[in-house]
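> There's a structure below that I have some questions on.
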Amino acid sequence: MSNWKKVGPLTKFNKGNKWQVHIGGRPVALFKFEDTFYALKSACLHQGFPLADGNVKSYMVECPLHGWVYDMRDGKCLSLGDRFTKTYDLRIKGKILEIDMEGKENP
């Protein structure tokens with residue numbers, strides 16, 4: 001079942017490619033690559049460091065603490081290969097970015 005929440009107006013995300021947002025008190029790492037938005041559970045699987053503080057290169061984000069790398073499209077931890085972090089669906093409704101806080105636990 002979907003649980004869509006407002007993230008904010010698209011104009012808020014015109015500059016930059018990564019943001020830490022809080023939706024219902026939960027931190028979410030929000031990224032933009034090639035005009036597409038992606039959302040991950042903010043905490044790195046290793047030690048919980050905020051992924052929104054990470055280094056972004058194309059569709060990958062690197063945790064700045066110990067360098068674990070994630071694919072922001074599906075949450076796969078590329079450093080391990082068999083682990084995933086939670087991802088969230090996003091949609092644009094009018095000029096507002098929305099997130100489905102149900103999230104997906106990928107394979």
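Going by the structure tokens order, chains are called A, B, ..., each with residues numbered from 1, while ligands are numbered from 1 in the order shown.
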Residues within 7 Å of A:Phe33, please, as a list in words. Count only C-alpha atoms; anything in the same chain fewer than 3 positions from it doesn't count.
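Here the qualifying residues turn out to be Asn17, Thr36, Phe37, Ser58 and Tyr59 of chain A.
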> Can you list, as a ChimeraX atom specification, every residue of stretch 9-61 of chain A that DSSP puts in strand (DSSP E)?
/A:9,18-23,26-33,36-41,55-57,60-61
> Which residues, written as an NGL selection string, have at least one atom at most 7 Å from A:Val61, with only C-alpha atoms counted and residues fewer than 5 positions away on the same chain left out?
:A and (54-56 or 69-72)
> Filtering to N, CA and C atoms, could you give me those residues as a JSON list (two decimals), in the first residue's frame?

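What follows is the written file again02.json:
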```
[["chain", "number", "residue", "atom", "x", "y", "z"],
["A", 54, "GLY", "N", 27.48, 11.91, 1.18],
["A", 54, "GLY", "CA", 28.45, 11.19, 0.36],
["A", 54, "GLY", "C", 28.82, 11.88, -0.93],
["A", 55, "ASN", "N", 29.80, 11.29, -1.59],
["A", 55, "ASN", "CA", 30.26, 11.78, -2.89],
["A", 55, "ASN", "C", 29.44, 11.12, -3.99],
["A", 56, "VAL", "N", 28.91, 11.94, -4.89],
["A", 56, "VAL", "CA", 28.06, 11.44, -5.97],
["A", 56, "VAL", "C", 28.82, 11.48, -7.28],
["A", 69, "VAL", "N", 30.08, 2.04, -1.61],
["A", 69, "VAL", "CA", 29.43, 2.66, -2.76],
["A", 69, "VAL", "C", 28.08, 2.00, -3.02],
["A", 70, "TYR", "N", 27.07, 2.84, -3.31],
["A", 70, "TYR", "CA", 25.71, 2.38, -3.56],
["A", 70, "TYR", "C", 25.23, 2.86, -4.93],
["A", 71, "ASP", "N", 24.43, 2.03, -5.58],
["A", 71, "ASP", "CA", 23.74, 2.42, -6.80],
["A", 71, "ASP", "C", 22.43, 3.07, -6.36],
["A", 72, "MET", "N", 22.27, 4.35, -6.63],
["A", 72, "MET", "CA", 21.09, 5.07, -6.15],
["A", 72, "MET", "C", 19.82, 4.63, -6.87]]
```
> Looking only at helix (DSSP H, G or I) from DSSP on the backbone, list the matching residues of stretch 6-54 of chain A as a list in words.
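Result set for stretch 6-54 of chain A (helix (DSSP H, G or I)): Leu10, Thr11, Lys12, Phe13, Leu51, Ala52 and Asp53 of chain A.
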> Taking only C-alpha atoms into account, which of A:Asn106, A:Asn14, A:Ser2, A:Ser42 comes nearest A:Leu30?
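Between A:Asn106, A:Asn14, A:Ser2, A:Ser42, the residue approaching A:Leu30 most closely is A:Ser42.
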> What's around A:Asp100 at 7 Å? Count only C-alpha atoms, leave out sequence neighbours fewer than 2 positions away in its own chain, and write the answer as JSON, numbers by chain.
{"A": [2, 3, 4, 5, 88, 89, 90, 98, 102, 103]}
> For the selection you just gave me, I'd like the residues written to a file as a PDB file, in the first residue's frame, keeping C-alpha atoms.

```
ATOM      1  CA  SER A   2       1.360   3.420  -0.926  1.00  0.00           C
ATOM      2  CA  ASN A   3       2.080   6.136   1.593  1.00  0.00           C
ATOM      3  CA  TRP A   4       2.799   9.252  -0.507  1.00  0.00           C
ATOM      4  CA  LYS A   5       4.202  12.286   1.300  1.00  0.00           C
ATOM      5  CA  TYR A  88      11.775   4.872  -2.067  1.00  0.00           C
ATOM      6  CA  ASP A  89       9.643   5.599  -5.123  1.00  0.00           C
ATOM      7  CA  LEU A  90       9.323   9.239  -6.095  1.00  0.00           C
ATOM      8  CA  GLU A  98       6.466  13.312  -3.539  1.00  0.00           C
ATOM      9  CA  GLU A 102       6.483   2.482   2.207  1.00  0.00           C
ATOM     10  CA  GLY A 103       9.898   1.969   0.646  1.00  0.00           C
TER      11      GLY A 103
END
```
> Nearest to A:Phe49 among A:Leu65, A:Ile92, A:Val21, A:Glu34, with distances taken over only C-alpha atoms: which residue is it?
A:Leu65
> Which of these, A:Met60, A:Glu105, A:Arg91, A:His66, has the shortest distance to A:Cys44 once you count only C-alpha atoms?
A:His66
> I'd like the interatomic distance between atom CA of A:Glu62 and atom CA of A:Trp19, to a tenth of an Å.
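Computing it gives 14.0 Å between the two atoms.
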> Restricting the calculation to only C-alpha atoms: of A:His22, A:Lys93, A:Lys15, A:Lys41, which residue gets closest to A:Lys76?
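The shortest atom-to-atom distance to A:Lys76 comes from A:Lys41.
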> I need the residue nearest A:Gln47 from this list: A:Val28, A:Met1, A:Cys63, A:Leu10. Use only C-alpha atoms for the distance.
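The answer is A:Cys63, which sits nearest to A:Gln47.
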> So, counting only C-alpha atoms, which residue among A:Lys86, A:Lys12, A:Lys104, A:Lys95 is closest to A:Pro27?
A:Lys86
